[in-house]
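Trainee: Provided below: start_20.tsv, containing TSV, C-alpha atoms.
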```tsv
chain	number	residue	atom	x	y	z
A	190	MET	CA	0.02	-18.98	-21.42
A	191	ARG	CA	-2.68	-17.81	-23.83
A	192	LEU	CA	-5.92	-16.91	-22.07
A	193	ILE	CA	-9.30	-15.31	-22.57
A	194	LEU	CA	-11.01	-13.71	-19.59
A	195	PHE	CA	-14.71	-13.84	-20.33
A	196	GLY	CA	-17.77	-12.22	-18.78
A	197	ALA	CA	-20.27	-9.38	-18.95
A	198	PRO	CA	-19.16	-5.73	-18.63
A	199	GLY	CA	-18.15	-5.01	-15.04
A	200	VAL	CA	-17.36	-8.53	-13.80
A	201	GLY	CA	-13.70	-7.67	-13.13
A	202	LYS	CA	-11.94	-9.02	-16.22
A	203	GLY	CA	-9.54	-6.08	-16.40
A	204	THR	CA	-8.62	-6.27	-12.73
A	205	GLN	CA	-7.82	-9.98	-12.90
A	206	ALA	CA	-5.94	-9.59	-16.18
A	207	ARG	CA	-3.66	-6.96	-14.67
A	208	LYS	CA	-2.88	-9.21	-11.70
A	209	ILE	CA	-2.01	-12.14	-13.98
A	210	THR	CA	0.17	-9.85	-16.08
A	211	LEU	CA	2.22	-8.87	-13.04
A	212	LYS	CA	2.80	-12.50	-12.11
A	213	ALA	CA	3.26	-14.09	-15.53
A	214	GLY	CA	4.86	-11.23	-17.46
A	215	ILE	CA	2.52	-11.53	-20.43
A	216	PRO	CA	0.55	-8.60	-21.89
A	217	GLN	CA	-3.09	-7.82	-21.19
A	218	ILE	CA	-4.88	-7.05	-24.43
A	219	SER	CA	-8.06	-5.08	-23.85
A	220	THR	CA	-9.94	-4.08	-26.97
A	221	GLY	CA	-11.98	-1.75	-24.77
A	222	ASP	CA	-8.86	0.16	-23.72
A	223	ILE	CA	-7.59	0.32	-27.29
A	224	LEU	CA	-10.92	1.62	-28.56
A	225	ARG	CA	-11.18	4.22	-25.79
A	226	GLN	CA	-7.71	5.47	-26.73
A	227	GLN	CA	-8.86	5.78	-30.32
A	228	ILE	CA	-12.03	7.59	-29.24
A	229	ARG	CA	-10.07	10.06	-27.10
A	230	SER	CA	-7.69	10.73	-29.99
A	231	GLY	CA	-10.57	11.46	-32.37
A	232	SER	CA	-9.19	9.09	-35.00
A	233	PRO	CA	-11.48	7.79	-37.77
A	234	LEU	CA	-11.67	4.40	-36.04
A	235	GLY	CA	-12.42	6.12	-32.73
A	236	GLN	CA	-15.20	8.22	-34.23
A	237	LYS	CA	-16.81	5.16	-35.77
A	238	ALA	CA	-16.46	3.12	-32.56
A	239	LYS	CA	-17.95	5.95	-30.48
A	240	GLU	CA	-21.21	5.74	-32.43
A	241	PHE	CA	-21.62	2.19	-31.17
A	242	THR	CA	-20.28	2.45	-27.60
A	243	ASP	CA	-22.32	5.54	-26.72
A	244	GLN	CA	-25.44	3.49	-27.43
A	245	GLY	CA	-24.15	0.45	-25.56
A	246	ASN	CA	-23.79	-1.59	-28.76
A	247	LEU	CA	-20.91	-3.84	-29.79
A	248	VAL	CA	-18.29	-2.55	-32.20
A	249	PRO	CA	-18.46	-4.51	-35.52
A	250	ASP	CA	-16.34	-7.63	-35.78
A	251	GLU	CA	-14.19	-6.48	-38.69
A	252	LEU	CA	-12.92	-3.46	-36.73
A	253	ILE	CA	-12.05	-5.52	-33.68
A	254	LEU	CA	-10.36	-8.35	-35.58
A	255	ASP	CA	-8.07	-5.92	-37.39
A	256	ILE	CA	-6.94	-4.54	-34.02
A	257	ILE	CA	-6.35	-8.02	-32.58
A	258	ARG	CA	-4.43	-9.24	-35.62
A	259	ASP	CA	-2.02	-6.33	-35.34
A	260	ARG	CA	-1.63	-6.63	-31.58
A	261	LEU	CA	-0.93	-10.38	-31.45
A	262	GLY	CA	1.82	-9.87	-34.01
A	263	LYS	CA	3.85	-7.73	-31.58
A	264	PRO	CA	7.00	-9.31	-30.03
A	265	ASP	CA	5.71	-9.07	-26.44
A	266	CYS	CA	2.91	-11.53	-27.29
A	267	ALA	CA	5.34	-14.30	-28.26
A	268	PRO	CA	5.38	-15.92	-24.77
A	269	GLY	CA	1.62	-15.50	-24.30
A	270	PHE	CA	-1.21	-13.02	-23.76
A	271	ILE	CA	-4.45	-12.35	-21.93
A	272	LEU	CA	-7.44	-11.26	-23.99
A	273	ASP	CA	-9.77	-9.09	-21.92
A	274	GLY	CA	-13.17	-8.34	-23.45
A	275	PHE	CA	-12.56	-10.23	-26.70
A	276	PRO	CA	-14.04	-12.15	-28.40
A	277	ARG	CA	-17.60	-10.93	-27.84
A	278	THR	CA	-19.42	-12.89	-30.53
A	279	VAL	CA	-19.15	-16.38	-31.98
A	280	ALA	CA	-18.08	-14.81	-35.28
A	281	GLN	CA	-15.19	-13.08	-33.48
A	282	ALA	CA	-14.28	-16.35	-31.74
A	283	GLU	CA	-14.20	-18.12	-35.08
A	284	GLY	CA	-12.08	-15.31	-36.50
A	285	LEU	CA	-9.68	-15.56	-33.55
A	286	GLU	CA	-9.49	-19.34	-33.92
A	287	GLN	CA	-8.57	-18.94	-37.59
A	288	LEU	CA	-6.03	-16.20	-36.78
A	289	LEU	CA	-4.31	-18.28	-34.10
A	290	GLY	CA	-4.21	-21.24	-36.48
A	291	GLU	CA	-2.42	-19.09	-39.05
A	292	MET	CA	0.06	-18.12	-36.32
A	293	GLU	CA	0.51	-21.80	-35.33
A	294	SER	CA	-0.80	-21.00	-31.85
A	295	GLN	CA	-3.81	-21.89	-29.70
A	296	LEU	CA	-5.61	-20.93	-26.51
A	297	ASP	CA	-4.81	-22.63	-23.21
A	298	ALA	CA	-8.02	-21.67	-21.35
A	299	VAL	CA	-11.09	-19.46	-21.29
A	300	ILE	CA	-11.97	-18.24	-17.78
A	301	ALA	CA	-15.57	-17.09	-17.31
A	302	LEU	CA	-16.17	-14.68	-14.40
A	303	GLU	CA	-19.81	-14.94	-13.32
A	304	VAL	CA	-21.58	-11.98	-11.64
A	305	GLY	CA	-25.34	-11.23	-11.45
A	306	ASP	CA	-26.83	-8.40	-13.51
A	307	GLU	CA	-27.87	-6.22	-10.55
A	308	ALA	CA	-24.41	-6.39	-9.02
A	309	ILE	CA	-22.94	-5.37	-12.38
A	310	VAL	CA	-25.30	-2.39	-12.67
A	311	GLN	CA	-24.23	-1.21	-9.22
A	312	ARG	CA	-20.53	-1.66	-10.01
A	313	LEU	CA	-20.53	0.14	-13.34
A	314	SER	CA	-22.91	2.99	-12.52
A	315	SER	CA	-20.60	3.83	-9.60
A	316	ARG	CA	-17.52	4.06	-11.83
A	317	ARG	CA	-15.87	7.35	-12.78
A	318	VAL	CA	-13.01	7.73	-15.28
A	319	CYS	CA	-10.45	10.40	-16.07
A	320	ARG	CA	-11.08	11.33	-19.69
A	321	SER	CA	-7.47	12.45	-19.99
A	322	CYS	CA	-5.55	9.33	-18.89
A	323	GLY	CA	-8.20	6.68	-18.24
A	324	GLU	CA	-7.62	6.28	-14.47
A	325	VAL	CA	-10.67	4.58	-12.88
A	326	TYR	CA	-12.44	5.56	-9.64
A	327	ASN	CA	-15.52	4.19	-7.84
A	328	VAL	CA	-17.89	6.28	-5.73
A	329	LEU	CA	-18.73	3.25	-3.57
A	330	LEU	CA	-15.11	2.75	-2.56
A	331	GLU	CA	-13.64	6.24	-2.30
A	332	GLU	CA	-14.28	9.94	-2.38
A	333	ILE	CA	-13.73	11.11	-5.94
A	334	PRO	CA	-10.96	13.75	-6.07
A	335	LYS	CA	-11.34	17.00	-7.98
A	336	VAL	CA	-8.22	16.25	-10.02
A	337	CYS	CA	-6.96	12.89	-11.23
A	338	ARG	CA	-4.41	11.29	-8.91
A	339	HIS	CA	-2.56	9.89	-11.94
A	340	CYS	CA	-2.27	12.78	-14.39
A	341	GLY	CA	-3.40	15.79	-12.33
A	342	GLU	CA	-6.11	16.84	-14.77
A	343	ALA	CA	-9.57	17.98	-13.61
A	344	ALA	CA	-11.20	15.59	-16.04
A	345	ILE	CA	-12.96	12.92	-13.95
A	346	GLU	CA	-16.40	12.05	-15.29
A	347	GLN	CA	-18.98	9.31	-15.71
A	348	ARG	CA	-18.71	7.78	-19.15
A	349	ALA	CA	-21.85	7.64	-21.26
A	350	ASP	CA	-21.68	3.82	-21.29
A	351	ASP	CA	-21.56	3.71	-17.46
A	352	ARG	CA	-25.01	5.26	-17.00
A	353	GLU	CA	-27.64	2.83	-15.69
A	354	GLU	CA	-29.88	2.77	-18.75
A	355	THR	CA	-26.91	2.14	-21.02
A	356	ILE	CA	-25.52	-0.56	-18.72
A	357	ARG	CA	-28.80	-2.47	-18.80
A	358	HIS	CA	-28.85	-2.22	-22.57
A	359	ARG	CA	-25.24	-3.48	-22.71
A	360	LEU	CA	-26.17	-6.46	-20.52
A	361	GLY	CA	-29.07	-7.25	-22.82
A	362	VAL	CA	-26.73	-7.16	-25.81
A	363	PHE	CA	-24.25	-9.36	-23.94
A	364	ASN	CA	-26.85	-11.96	-23.00
A	365	ARG	CA	-28.15	-12.17	-26.57
A	366	GLN	CA	-24.92	-12.04	-28.54
A	367	THR	CA	-22.02	-12.92	-26.27
A	368	ALA	CA	-23.32	-15.59	-23.88
A	369	PRO	CA	-23.40	-18.22	-26.71
A	370	LEU	CA	-19.59	-18.12	-26.54
A	371	LEU	CA	-19.84	-20.22	-23.38
A	372	ASP	CA	-21.11	-23.14	-25.46
A	373	PHE	CA	-18.52	-22.44	-28.17
A	374	TYR	CA	-15.59	-22.78	-25.76
A	375	ARG	CA	-17.21	-25.49	-23.65
A	376	GLU	CA	-17.41	-27.69	-26.75
A	377	ARG	CA	-13.68	-27.13	-27.27
A	378	GLY	CA	-12.87	-28.14	-23.69
A	379	LEU	CA	-11.41	-24.72	-22.84
A	380	LEU	CA	-14.05	-23.21	-20.54
A	381	LYS	CA	-13.57	-22.81	-16.78
A	382	SER	CA	-16.03	-20.81	-14.62
A	383	ILE	CA	-15.47	-18.76	-11.44
A	384	ASP	CA	-17.88	-16.90	-9.13
A	385	GLY	CA	-16.74	-13.32	-9.65
A	386	ASP	CA	-19.02	-11.72	-7.06
A	387	ARG	CA	-16.43	-11.94	-4.28
A	388	ALA	CA	-13.38	-10.08	-3.05
A	389	VAL	CA	-10.84	-9.49	-5.81
A	390	GLU	CA	-8.11	-11.51	-4.10
A	391	ASP	CA	-10.43	-14.49	-3.48
A	392	VAL	CA	-11.35	-14.56	-7.17
A	393	HIS	CA	-7.70	-14.25	-8.13
A	394	GLN	CA	-6.55	-17.12	-5.93
A	395	GLU	CA	-9.14	-19.46	-7.44
A	396	LEU	CA	-8.27	-18.29	-10.94
A	397	MET	CA	-4.57	-18.96	-10.48
A	398	GLY	CA	-5.41	-22.35	-9.02
A	399	LEU	CA	-7.25	-23.24	-12.23
A	400	LEU	CA	-4.21	-22.25	-14.29
A	401	ALA	CA	-1.65	-24.09	-12.16
```
Translate this file's structure into structure tokens.
Mentor:
Amino acid sequence: MRLILFGAPGVGKGTQARKITLKAGIPQISTGDILRQQIRSGSPLGQKAKEFTDQGNLVPDELILDIIRDRLGKPDCAPGFILDGFPRTVAQAEGLEQLLGEMESQLDAVIALEVGDEAIVQRLSSRRVCRSCGEVYNVLLEEIPKVCRHCGEAAIEQRADDREETIRHRLGVFNRQTAPLLDFYRERGLLKSIDGDRAVEDVHQELMGLLA
């Protein structure tokens, strides 16, 4: 099973990818998570990526494709994978298509999770993250603890790219640059769409039904 979970920031791609991973035993590959790890480590790639993410802009294609090439070559990707948050541009999709061709592989489906912009703004601006381990919290769903429940560090904060003005900018970037991917994958007969503005389990049940 080789999937892409597609949608704007905050539609729930990561949540659904993790649930599929538990059931299917294939890895979730999130370029966002990889980049945040690089940013926290202060690596050269992380420093360069931070310049873009702090402004709500997309990280350049060549940086992302290098990460994906390396990751798909790992043994745990042999039975399949879930790409979460990649590709984000048609150029990246073309690069991925070429890469998979070189690996004698291909995608099985692209699942688009659809959520309105205002709902996304509310979701993301309510998110808090532990800068030490990456554990995610939401002020709409719970009282935010003083120390992280996962690592015990007092490092819970709102990321710069989860502030409302940055979120709206990110959505603008998505609509201009990433939405054309819908046509790209529709033309290839891979696109399936789901209403993502529902309970997590309801979305998941429909998603798994599409993959059955």
Trainee: Would you list the contacts of stretch 348-352 of chain A as a list in words, taking every protein, DNA or RNA residue within 6 Å and counting all atoms listed in the file, but skipping same-chain residues closer than 2 positions in sequence?
Mentor: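 Within the cut-off, the hits are Asp243, Gly245, Leu313, Ser314, Glu354, Thr355 and Ile356 of chain A.
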Trainee: Restricting the calculation to all atoms listed in the file: of A:Arg277, A:Lys237, A:Arg191, A:Arg260, which residue gets closest to A:Thr367?
Mentor: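 Closest to A:Thr367 of all the choices is A:Arg277.
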Trainee: What is the distance between atom CA of A:Leu296 and atom CA of A:Arg377, in Å to one decimal?
Mentor: 10.2 Å
Trainee: Which is closest to A:Gln226 among A:Asn246, A:Arg359, A:Ser321, A:Met397, if we use only C-alpha atoms?
Mentor: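 Selected residue with least distance to A:Gln226: A:Ser321.
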Trainee: With only C-alpha atoms as the atoms that count, which of A:Val248, A:Ile345, A:Leu285, A:Leu379 lies nearest to A:Gly221?
Mentor: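 Ranked by minimum distance to A:Gly221, first place goes to A:Val248.
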Trainee: So, with all atoms listed in the file as the atoms that count, which of A:Lys212, A:Arg365, A:Arg207, A:Arg225 lies closest to A:Leu272?
Mentor: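 Distance minimum relative to A:Leu272 lands on A:Arg207.
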Trainee: So that I can check the surroundings of A:Leu380, please list as a list in words every protein, DNA and RNA residue that reaches within 6 Å of it, counting only C-alpha atoms and ignoring chain neighbours fewer than 5 positions away.
Mentor: Val299, Tyr374 and Arg375 of chain A
Trainee: Tell me which protein, DNA and RNA residues are within 12 Å of A:Pro264, counting all atoms listed in the file, leaving out same-chain ones fewer than 5 positions away, and put them as a VMD selection string.
Mentor: chain A and resid 215 to 216 259 269 to 270
Trainee: Interatomic distance between atom CA of A:Leu234 and atom CA of A:Arg320?
Mentor: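 So the two atoms, atom CA of A:Leu234 and atom CA of A:Arg320, lie 17.8 Å apart.
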Trainee: What does the structure give for the distance between atom CA of A:Leu370 and atom CA of A:Asp306, in Å to one decimal?
Mentor: 17.8 Å
Trainee: Find the residues around stretch 278-280 of chain A up to 12 Å (only C-alpha atoms counted), leave out those fewer than 3 positions away in its own chain, and share them as a ChimeraX atom specification.
Mentor: /A:195-196,247-251,253-254,274-275,283-287,362-374
Trainee: Identify, on the basis of all atoms listed in the file, every residue whose closest approach to A:Gly305 does not exceed 12 Å; exclude the query and any residue fewer than 6 positions from it along the same chain; express the result as a PyMOL selection string.
Mentor: chain A and resi 196-200+311-312+357+360+364+384-387
Trainee: Taking C-alpha atoms for each residue, export the selection above as a PDB file, in the coordinates of the input.
Mentor:
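Below is the file that was written, result.pdb:
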```
ATOM      1  CA  GLY A 196     -17.770 -12.220 -18.780  1.00  0.00           C
ATOM      2  CA  ALA A 197     -20.270  -9.380 -18.950  1.00  0.00           C
ATOM      3  CA  PRO A 198     -19.160  -5.730 -18.630  1.00  0.00           C
ATOM      4  CA  GLY A 199     -18.150  -5.010 -15.040  1.00  0.00           C
ATOM      5  CA  VAL A 200     -17.360  -8.530 -13.800  1.00  0.00           C
ATOM      6  CA  GLN A 311     -24.230  -1.210  -9.220  1.00  0.00           C
ATOM      7  CA  ARG A 312     -20.530  -1.660 -10.010  1.00  0.00           C
ATOM      8  CA  ARG A 357     -28.800  -2.470 -18.800  1.00  0.00           C
ATOM      9  CA  LEU A 360     -26.170  -6.460 -20.520  1.00  0.00           C
ATOM     10  CA  ASN A 364     -26.850 -11.960 -23.000  1.00  0.00           C
ATOM     11  CA  ASP A 384     -17.880 -16.900  -9.130  1.00  0.00           C
ATOM     12  CA  GLY A 385     -16.740 -13.320  -9.650  1.00  0.00           C
ATOM     13  CA  ASP A 386     -19.020 -11.720  -7.060  1.00  0.00           C
ATOM     14  CA  ARG A 387     -16.430 -11.940  -4.280  1.00  0.00           C
TER      15      ARG A 387
END
```
Trainee: Quick one: of A:Ala213, A:Glu293, A:Asp222, A:Ile193, who's nearest to A:Ala401, counting only C-alpha atoms?
Mentor: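 Among the listed residues, the smallest separation from A:Ala401 belongs to A:Ala213.
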Trainee: Restricting the calculation to only C-alpha atoms: of A:Ile218, A:Ile271, A:Ile228, A:Leu194, which residue gets closest to A:Ile256?
Mentor: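 The shortest atom-to-atom distance to A:Ile256 comes from A:Ile218.
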Trainee: So which residues are close to (-17.9, 4.2, -7.3), meaning at most 9 Å away in the file's coordinates with all atoms listed in the file counted, and can you show them as an mmCIF file with C-alpha atoms, in the coordinates of the input?
Mentor:
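What follows is the written file out-v3.cif:
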```
data_model
loop_
_atom_site.group_PDB
_atom_site.id
_atom_site.type_symbol
_atom_site.label_atom_id
_atom_site.label_comp_id
_atom_site.auth_asym_id
_atom_site.auth_seq_id
_atom_site.Cartn_x
_atom_site.Cartn_y
_atom_site.Cartn_z
ATOM 1 C CA GLN A 311 -24.230 -1.210 -9.220
ATOM 2 C CA ARG A 312 -20.530 -1.660 -10.010
ATOM 3 C CA LEU A 313 -20.530 0.140 -13.340
ATOM 4 C CA SER A 314 -22.910 2.990 -12.520
ATOM 5 C CA SER A 315 -20.600 3.830 -9.600
ATOM 6 C CA ARG A 316 -17.520 4.060 -11.830
ATOM 7 C CA ARG A 317 -15.870 7.350 -12.780
ATOM 8 C CA TYR A 326 -12.440 5.560 -9.640
ATOM 9 C CA ASN A 327 -15.520 4.190 -7.840
ATOM 10 C CA VAL A 328 -17.890 6.280 -5.730
ATOM 11 C CA LEU A 329 -18.730 3.250 -3.570
ATOM 12 C CA LEU A 330 -15.110 2.750 -2.560
ATOM 13 C CA GLU A 331 -13.640 6.240 -2.300
ATOM 14 C CA GLU A 332 -14.280 9.940 -2.380
ATOM 15 C CA ILE A 333 -13.730 11.110 -5.940
#
```
